[in-house]
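**Q** Provided herewith: final_33.tsv, TSV, C-alpha atoms.
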```tsv
chain	number	residue	atom	x	y	z
K	1423	MET	CA	-1.20	54.94	190.71
K	1424	ARG	CA	-4.06	53.42	188.74
K	1425	LYS	CA	-1.67	50.97	187.05
K	1426	LEU	CA	-0.26	49.88	190.41
K	1427	TYR	CA	-3.74	49.25	191.73
K	1428	LYS	CA	-5.10	47.34	188.73
K	1429	GLY	CA	-1.99	45.36	187.92
K	1430	ASN	CA	-0.75	44.23	184.52
K	1431	LYS	CA	-4.05	42.72	183.37
K	1432	GLY	CA	-6.06	45.84	184.10
K	1433	LYS	CA	-8.26	44.21	186.75
K	1434	GLN	CA	-8.72	45.87	190.09
K	1435	ASN	CA	-6.77	44.10	192.81
K	1436	PRO	CA	-7.72	45.27	196.30
K	1437	ASN	CA	-4.96	43.09	197.79
K	1438	ARG	CA	-2.42	45.59	196.54
K	1439	ASN	CA	-1.72	47.79	199.53
K	1440	PHE	CA	-0.70	51.42	199.47
K	1441	LEU	CA	1.27	52.72	202.42
K	1442	LEU	CA	0.99	56.36	203.38
K	1443	ILE	CA	3.39	57.81	205.90
K	1444	GLY	CA	1.76	60.90	207.34
K	1445	THR	CA	-0.84	62.38	209.64
K	1446	ASP	CA	-4.53	61.49	209.81
K	1447	ASP	CA	-5.39	64.58	207.73
K	1448	GLU	CA	-2.95	63.57	205.01
K	1449	VAL	CA	-4.38	60.04	204.94
K	1450	ALA	CA	-7.90	61.45	204.60
K	1451	LYS	CA	-6.88	63.69	201.68
K	1452	LEU	CA	-5.27	60.82	199.78
K	1453	ARG	CA	-8.23	58.51	200.38
K	1454	ALA	CA	-10.66	61.19	199.15
K	1455	GLU	CA	-8.51	61.73	196.04
K	1456	LEU	CA	-8.45	58.00	195.27
K	1457	ASP	CA	-12.20	57.65	195.79
K	1458	GLY	CA	-12.74	60.54	193.39
K	1459	GLN	CA	-10.76	58.64	190.75
K	1460	GLY	CA	-12.75	55.43	191.27
K	1461	ILE	CA	-9.85	53.66	193.01
K	1462	SER	CA	-10.38	51.96	196.36
K	1463	PRO	CA	-7.22	50.08	197.34
K	1464	GLN	CA	-6.27	48.90	200.78
K	1465	ILE	CA	-4.50	51.79	202.47
K	1466	GLN	CA	-2.23	51.25	205.42
K	1467	SER	CA	-1.22	54.42	207.19
K	1468	VAL	CA	1.67	54.97	209.54
K	1469	LEU	CA	2.46	58.01	211.62
K	1470	PRO	CA	5.99	59.29	210.99
K	1471	ASP	CA	7.01	58.69	214.61
K	1472	ALA	CA	5.93	55.04	214.41
K	1473	PHE	CA	7.35	54.28	210.97
K	1474	SER	CA	10.46	52.29	211.96
K	1475	ASP	CA	8.59	50.19	214.53
K	1476	SER	CA	5.77	49.31	212.10
K	1477	LEU	CA	7.78	47.97	209.16
K	1478	HIS	CA	7.62	44.32	210.24
K	1479	GLU	CA	3.79	44.47	210.22
K	1480	LEU	CA	3.45	45.64	206.62
K	1481	GLU	CA	2.59	43.18	203.84
K	1482	ASN	CA	1.84	43.31	200.09
K	1483	VAL	CA	2.87	46.96	199.82
K	1484	VAL	CA	3.22	48.00	196.18
K	1485	ALA	CA	3.59	51.75	196.69
K	1486	VAL	CA	4.71	54.03	199.50
K	1487	TYR	CA	3.63	57.66	199.66
K	1488	CYS	CA	5.63	59.83	202.02
K	1489	ALA	CA	3.83	63.05	202.90
K	1490	SER	CA	5.78	66.28	202.92
K	1491	GLY	CA	5.68	66.62	206.70
K	1492	ALA	CA	7.08	63.11	207.17
K	1493	VAL	CA	10.17	63.69	205.01
K	1494	LYS	CA	11.85	65.68	207.78
K	1495	SER	CA	11.15	63.22	210.59
K	1496	ILE	CA	11.78	59.70	209.26
K	1497	ASP	CA	14.94	57.83	208.35
K	1498	LEU	CA	14.95	58.00	204.55
K	1499	SER	CA	17.60	55.29	204.24
K	1500	VAL	CA	15.33	52.85	206.10
K	1501	LEU	CA	12.42	53.84	203.88
K	1502	SER	CA	14.48	53.33	200.72
K	1503	ARG	CA	15.71	49.92	201.87
K	1504	PHE	CA	12.15	48.82	202.73
K	1505	CYS	CA	10.96	49.75	199.22
K	1506	GLN	CA	13.87	47.95	197.56
K	1507	GLU	CA	13.34	44.78	199.57
K	1508	ASN	CA	9.59	44.75	198.84
K	1509	LYS	CA	9.90	45.97	195.23
K	1510	ALA	CA	7.56	48.82	196.11
K	1511	GLU	CA	7.33	52.13	194.27
K	1512	LEU	CA	8.35	55.13	196.35
K	1513	TYR	CA	6.74	58.57	196.00
K	1514	PHE	CA	7.22	61.79	197.92
K	1515	CYS	CA	4.08	63.92	198.18
K	1516	ILE	CA	5.63	67.38	198.19
K	1517	PRO	CA	3.23	69.84	196.48
K	1518	GLU	CA	5.81	72.63	196.58
K	1519	LEU	CA	8.05	70.63	194.22
K	1520	ALA	CA	5.25	69.44	191.94
K	1521	VAL	CA	5.22	72.74	190.07
K	1522	PHE	CA	8.75	72.08	188.81
K	1523	GLN	CA	7.84	68.76	187.19
K	1524	LYS	CA	10.45	67.90	184.55
K	1525	ASN	CA	12.07	71.35	184.62
K	1526	MET	CA	14.82	70.40	187.06
K	1527	HIS	CA	18.47	69.64	186.62
K	1528	VAL	CA	21.09	68.13	188.87
K	1529	GLU	CA	24.27	70.03	189.66
K	1530	ASN	CA	27.10	68.26	191.45
K	1531	VAL	CA	29.44	70.12	193.78
K	1532	GLY	CA	32.08	67.69	194.98
K	1533	PHE	CA	30.22	64.75	196.49
K	1534	LEU	CA	27.01	66.77	196.96
K	1535	SER	CA	24.14	66.92	194.46
K	1536	PHE	CA	21.69	69.79	194.19
K	1537	LEU	CA	18.38	70.08	192.35
K	1538	SER	CA	17.51	73.40	190.80
K	1539	PRO	CA	14.85	74.55	188.32
K	1540	LEU	CA	15.79	75.10	184.70
K	1541	ASP	CA	15.35	78.49	183.08
K	1542	GLU	CA	11.76	79.15	182.08
K	1543	PRO	CA	11.18	79.04	178.29
K	1544	LEU	CA	10.36	82.74	177.98
K	1545	SER	CA	13.74	83.70	179.39
K	1546	HIS	CA	14.97	83.15	175.79
K	1547	TRP	CA	14.33	86.04	173.41
K	1548	TRP	CA	13.27	83.81	170.49
K	1549	ASN	CA	10.47	82.31	172.58
K	1550	ARG	CA	9.30	85.77	173.67
K	1551	MET	CA	9.28	86.85	170.02
K	1552	THR	CA	7.30	83.75	169.01
K	1553	LYS	CA	4.70	84.38	171.70
K	1554	ARG	CA	4.46	88.09	170.80
K	1555	LEU	CA	3.92	87.30	167.10
K	1556	PHE	CA	1.24	84.77	168.05
K	1557	ASP	CA	-0.48	87.42	170.20
K	1558	LEU	CA	-0.34	89.99	167.40
K	1559	LEU	CA	-1.76	87.60	164.79
K	1560	LEU	CA	-4.69	86.45	166.92
K	1561	SER	CA	-5.58	89.81	168.41
K	1562	GLY	CA	-5.06	91.63	165.09
K	1563	PHE	CA	-7.36	89.23	163.24
K	1564	PHE	CA	-10.05	89.53	165.91
K	1565	LEU	CA	-9.83	93.32	166.17
K	1566	THR	CA	-9.97	93.75	162.40
K	1567	PHE	CA	-12.77	91.37	161.45
K	1568	LEU	CA	-14.92	90.74	164.54
K	1569	PHE	CA	-14.46	93.36	167.23
K	1570	PRO	CA	-16.11	96.29	165.37
K	1571	PHE	CA	-19.40	94.38	165.24
K	1572	ILE	CA	-19.12	93.27	168.88
K	1573	TYR	CA	-18.33	96.84	169.94
K	1574	ILE	CA	-21.42	98.26	168.16
K	1575	PHE	CA	-23.62	95.53	169.68
K	1576	ALA	CA	-22.23	96.05	173.19
K	1577	ALA	CA	-22.35	99.85	172.96
K	1578	VAL	CA	-26.05	99.81	172.00
K	1579	ILE	CA	-26.90	97.54	174.96
K	1580	ILE	CA	-24.80	99.53	177.47
K	1581	LYS	CA	-25.95	102.98	176.35
K	1582	HIS	CA	-29.58	101.84	176.27
K	1583	ARG	CA	-29.39	100.87	179.94
K	1584	SER	CA	-27.32	103.69	181.40
K	1585	ALA	CA	-25.24	106.73	180.58
K	1586	GLY	CA	-21.49	106.42	180.82
K	1587	PRO	CA	-18.50	104.97	179.02
K	1588	VAL	CA	-18.70	101.73	177.05
K	1589	PHE	CA	-15.46	100.42	178.57
K	1590	SER	CA	-14.52	99.93	182.19
K	1591	VAL	CA	-10.86	100.14	183.15
K	1592	VAL	CA	-9.25	98.37	186.13
K	1593	ARG	CA	-5.65	99.02	187.08
K	1594	LYS	CA	-3.61	95.82	187.09
K	1595	ALA	CA	0.07	94.94	187.49
K	1596	GLY	CA	1.61	93.70	184.28
K	1597	LEU	CA	5.07	92.60	183.20
K	1598	GLY	CA	7.67	93.69	185.72
K	1599	GLY	CA	4.96	95.06	188.01
K	1600	LYS	CA	4.21	97.90	185.58
K	1601	SER	CA	0.65	99.18	185.96
K	1602	PHE	CA	-1.77	99.08	183.01
K	1603	GLY	CA	-5.50	99.58	182.46
K	1604	GLN	CA	-7.26	96.24	181.87
K	1605	LEU	CA	-10.27	96.81	179.62
K	1606	SER	CA	-13.69	95.21	179.59
K	1607	PHE	CA	-17.21	96.25	178.60
K	1608	ARG	CA	-18.98	98.10	181.39
K	1609	THR	CA	-21.84	95.93	182.67
K	1610	ASP	CA	-23.04	98.06	185.61
K	1611	GLY	CA	-26.82	98.16	185.56
K	1612	LEU	CA	-27.22	95.32	183.09
K	1613	PRO	CA	-29.48	92.41	184.11
K	1614	VAL	CA	-27.83	89.17	185.20
K	1615	GLU	CA	-29.14	87.36	182.13
K	1616	SER	CA	-27.54	89.89	179.78
K	1617	ILE	CA	-25.40	88.26	177.10
K	1618	LEU	CA	-22.51	90.53	178.05
K	1619	LYS	CA	-22.53	89.17	181.61
K	1620	LYS	CA	-23.18	85.55	180.66
K	1621	THR	CA	-20.46	85.20	178.01
K	1622	VAL	CA	-16.80	86.06	177.48
K	1623	LEU	CA	-17.86	88.98	175.26
K	1624	GLN	CA	-17.52	91.21	178.32
K	1625	PHE	CA	-13.76	90.64	178.29
K	1626	SER	CA	-13.16	90.81	174.53
K	1627	PRO	CA	-11.80	94.42	174.78
K	1628	GLN	CA	-8.79	92.92	176.53
K	1629	LEU	CA	-7.61	91.91	173.06
K	1630	LEU	CA	-6.75	95.61	172.73
K	1631	ASN	CA	-4.49	95.10	175.73
K	1632	VAL	CA	-3.01	92.08	173.97
K	1633	PHE	CA	-2.43	93.95	170.71
K	1634	PHE	CA	-0.65	96.83	172.44
K	1635	GLY	CA	1.50	94.48	174.52
K	1636	SER	CA	0.32	94.75	178.13
K	1637	MET	CA	-1.33	91.29	178.04
K	1638	SER	CA	-1.06	87.99	176.17
K	1639	VAL	CA	-3.81	85.86	174.66
K	1640	VAL	CA	-2.73	83.09	177.05
K	1641	GLY	CA	-0.98	84.05	180.26
K	1642	ILE	CA	-1.16	84.17	184.02
K	1643	VAL	CA	-3.77	85.66	186.34
K	1644	ALA	CA	-3.54	89.46	186.42
K	1645	LYS	CA	-2.55	90.84	189.80
K	1646	THR	CA	-3.79	94.06	191.32
K	1647	THR	CA	-1.22	96.83	191.57
K	1648	ASP	CA	-0.60	96.13	195.28
K	1649	GLU	CA	-0.04	92.37	194.78
K	1650	GLU	CA	3.38	90.92	194.04
K	1651	GLN	CA	4.04	88.32	191.35
K	1652	THR	CA	7.40	86.77	192.15
K	1653	PHE	CA	7.75	83.56	190.14
K	1654	SER	CA	8.26	85.01	186.65
K	1655	GLU	CA	9.74	88.16	185.17
K	1656	TYR	CA	8.72	87.27	181.60
K	1657	MET	CA	5.06	86.16	181.72
K	1658	LYS	CA	2.25	88.65	181.08
K	1659	PRO	CA	-1.33	88.51	182.35
K	1660	GLY	CA	-3.53	86.54	179.98
K	1661	LEU	CA	-6.99	86.86	178.50
K	1662	VAL	CA	-7.11	83.07	178.81
K	1663	LYS	CA	-5.48	81.32	181.77
K	1664	CYS	CA	-4.23	77.75	182.02
K	1665	GLN	CA	-6.39	75.71	184.39
K	1666	PHE	CA	-5.00	72.23	183.73
K	1667	CYS	CA	-3.64	71.71	187.22
K	1668	LYS	CA	-3.11	73.20	190.63
K	1669	ASN	CA	-0.40	75.88	190.80
K	1670	ALA	CA	-1.34	76.44	187.16
K	1671	ASP	CA	0.36	79.83	186.76
K	1672	VAL	CA	3.72	78.47	187.89
K	1673	TRP	CA	3.32	75.26	185.88
K	1674	TYR	CA	2.37	77.18	182.74
K	1675	THR	CA	5.29	79.57	183.15
K	1676	GLN	CA	7.77	76.71	183.41
K	1677	ASN	CA	6.26	74.60	180.64
K	1678	TRP	CA	5.30	77.25	178.08
K	1679	SER	CA	5.36	76.40	174.39
K	1680	LEU	CA	3.44	77.69	171.38
K	1681	TRP	CA	1.71	74.33	171.13
K	1682	LEU	CA	0.64	74.62	174.80
K	1683	ASP	CA	-0.94	78.03	174.08
K	1684	ILE	CA	-2.87	76.55	171.15
K	1685	LYS	CA	-3.95	73.60	173.27
K	1686	ILE	CA	-5.23	75.89	176.05
K	1687	ILE	CA	-7.19	78.04	173.58
K	1688	VAL	CA	-8.79	74.98	171.94
K	1689	LYS	CA	-9.73	73.52	175.33
K	1690	MET	CA	-11.17	76.88	176.37
K	1691	LEU	CA	-13.36	76.92	173.25
K	1692	LEU	CA	-14.48	73.36	174.07
K	1693	ASN	CA	-15.03	74.32	177.72
K	1694	LYS	CA	-12.40	71.78	178.85
K	1695	ASN	CA	-9.69	74.13	180.09
K	1696	LYS	CA	-10.07	73.07	183.69
K	1697	ILE	CA	-8.71	70.73	186.35
K	1698	VAL	CA	-9.87	67.18	185.66
```
As structure tokens - that is how I would like this structure written.
**A**
Amino acid sequence: MRKLYKGNKGKQNPNRNFLLIGTDDEVAKLRAELDGQGISPQIQSVLPDAFSDSLHELENVVAVYCASGAVKSIDLSVLSRFCQENKAELYFCIPELAVFQKNMHVENVGFLSFLSPLDEPLSHWWNRMTKRLFDLLLSGFFLTFLFPFIYIFAAVIIKHRSAGPVFSVVRKAGLGGKSFGQLSFRTDGLPVESILKKTVLQFSPQLLNVFFGSMSVVGIVAKTTDEEQTFSEYMKPGLVKCQFCKNADVWYTQNWSLWLDIKIIVKMLLNKNKIV
């Protein structure tokens, strides 16, 4: 989008028009998104019902964005021909399909073509083994060399403030919906400025969950036992979650790799594991 707006020489060209086919709300969302990225092109908007009658009025259109609601109500052959004649890029804004990204393949049945998602990486046993070994190495190193000191420090703070267990346990739904106890340091009664509440140290006991297999170092958001997780039968809840994009759990599940796990951990340590 930025390249279309600036052109080949990298200079902003407000004469390049973007056409959005959609409702007023959809136009407002796109304009707000562009403004947030420092892009302010000329936007022409057309309601789906008026699309065919408005084509002769459109000029200098370099990109057409068809909102998801408009896909069902306009003549797509007319839209495609308009883009070809004007050498305009054509995009379909369908958030539900964005989570698939490149993980799609085409299957032909006679003269019909169907899109379907590819198998997620962790459906293969060698990828599950790789991820499990990675979890064991990281959690084992931490539990052996660092966690004993953190536990003593946390236990002294917690016991000094109140009587009770050092750990708190919350029931969560893990792989296959199986219930497990998610660990963390108990912080009831501790002041807001306590280091256990202000840092990730509170959740470091979850590396015990990782070591014993109910969680992964990097994974999806843990569900409560009465919530249903339907998009993956192979991905465990994670101590660290991907936050690179919207629909991050689904995107991460479909794009998993060992390198992606390392990248997420590094960005978490740099405080950059977030939507940008």
**Q** Looking at K:Ile1684, K:Glu1511, K:Trp1673, K:Ile1443, which one is nearest to Val1493 of chain K, with distances taken over all atoms listed in the file?
**A**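 The shortest atom-to-atom distance to Val1493 of chain K comes from K:Ile1443.
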**Q** Using all atoms listed in the file, which residue out of K:Gln1604, K:Ser1502, K:Ser1538, K:Asn1508 lies closest to Ser1626 of chain K?
**A**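 Closest to Ser1626 of chain K, using all atoms listed in the file: K:Gln1604.
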**Q** So which residues are close to (-13.9, 95.8, 168.7), meaning at most 12 Å away in the file's coordinates with all atoms listed in the file counted, and can you show them as a count of residues only?
**A** 32
**Q** Have a look at atom CA of Phe1533 of chain K and atom CA of Leu1498 of chain K and let me know their distance in Å, one decimal.
**A**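 Atom CA of Leu1498 of chain K lies at a distance of 18.5 Å from atom CA of Phe1533 of chain K.
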**Q** Atom CA of Gly1660 of chain K and atom CA of Val1639 of chain K are how many Å apart?
**A**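 Between atom CA of Gly1660 of chain K and atom CA of Val1639 of chain K the gap works out to 5.4 Å.
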**Q** Which residue, K:Lys1694, K:Lys1645, K:Lys1620, K:Arg1453, has the smallest gap to Phe1666 of chain K when you use all atoms listed in the file?
**A**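 Closest to Phe1666 of chain K, using all atoms listed in the file: K:Lys1694.
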**Q** Extract, using only C-alpha atoms, all DNA, RNA and protein residues at most 12 Å from Ser1601 of chain K, discarding same-chain residues fewer than 5 positions from it, and format them as a PyMOL selection string.
**A** chain K and resi 1591-1596+1636-1637+1644-1650+1658-1659
**Q** Which value, in Å to one decimal, gives the distance between atom CA of Ala1454 of chain K and atom CA of Met1690 of chain K?
**A**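 If I compute the distance from atom CA of Ala1454 of chain K to atom CA of Met1690 of chain K, I get 27.7 Å.
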**Q** Counting all atoms listed in the file, select every polymer residue within 12 Å of (-2.7, 82.9, 178.8) as defined in the file's coordinates, and provide the selection as a ChimeraX atom specification.
**A** /K:1553-1554,1556-1557,1628-1629,1632,1637-1644,1657-1666,1670-1672,1674-1675,1678-1680,1682-1687,1690,1695
**Q** Just want the 12 Å neighbourhood of Cys1488 of chain K, counted on all atoms listed in the file, with same-chain residues fewer than 6 positions away dropped. Output as a ChimeraX atom specification.
**A** /K:1440-1445,1448-1449,1452,1467-1470,1473,1494-1498,1501-1502,1505,1511-1517
**Q** Given the choices K:Lys1668, K:Gln1466, K:Gly1586, K:Val1614, which gets closest to Glu1479 of chain K if the distance is worked out from all atoms listed in the file?
**A**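 Checking each of K:Lys1668, K:Gln1466, K:Gly1586, K:Val1614 against Glu1479 of chain K, counting all atoms listed in the file, the winner is K:Gln1466.
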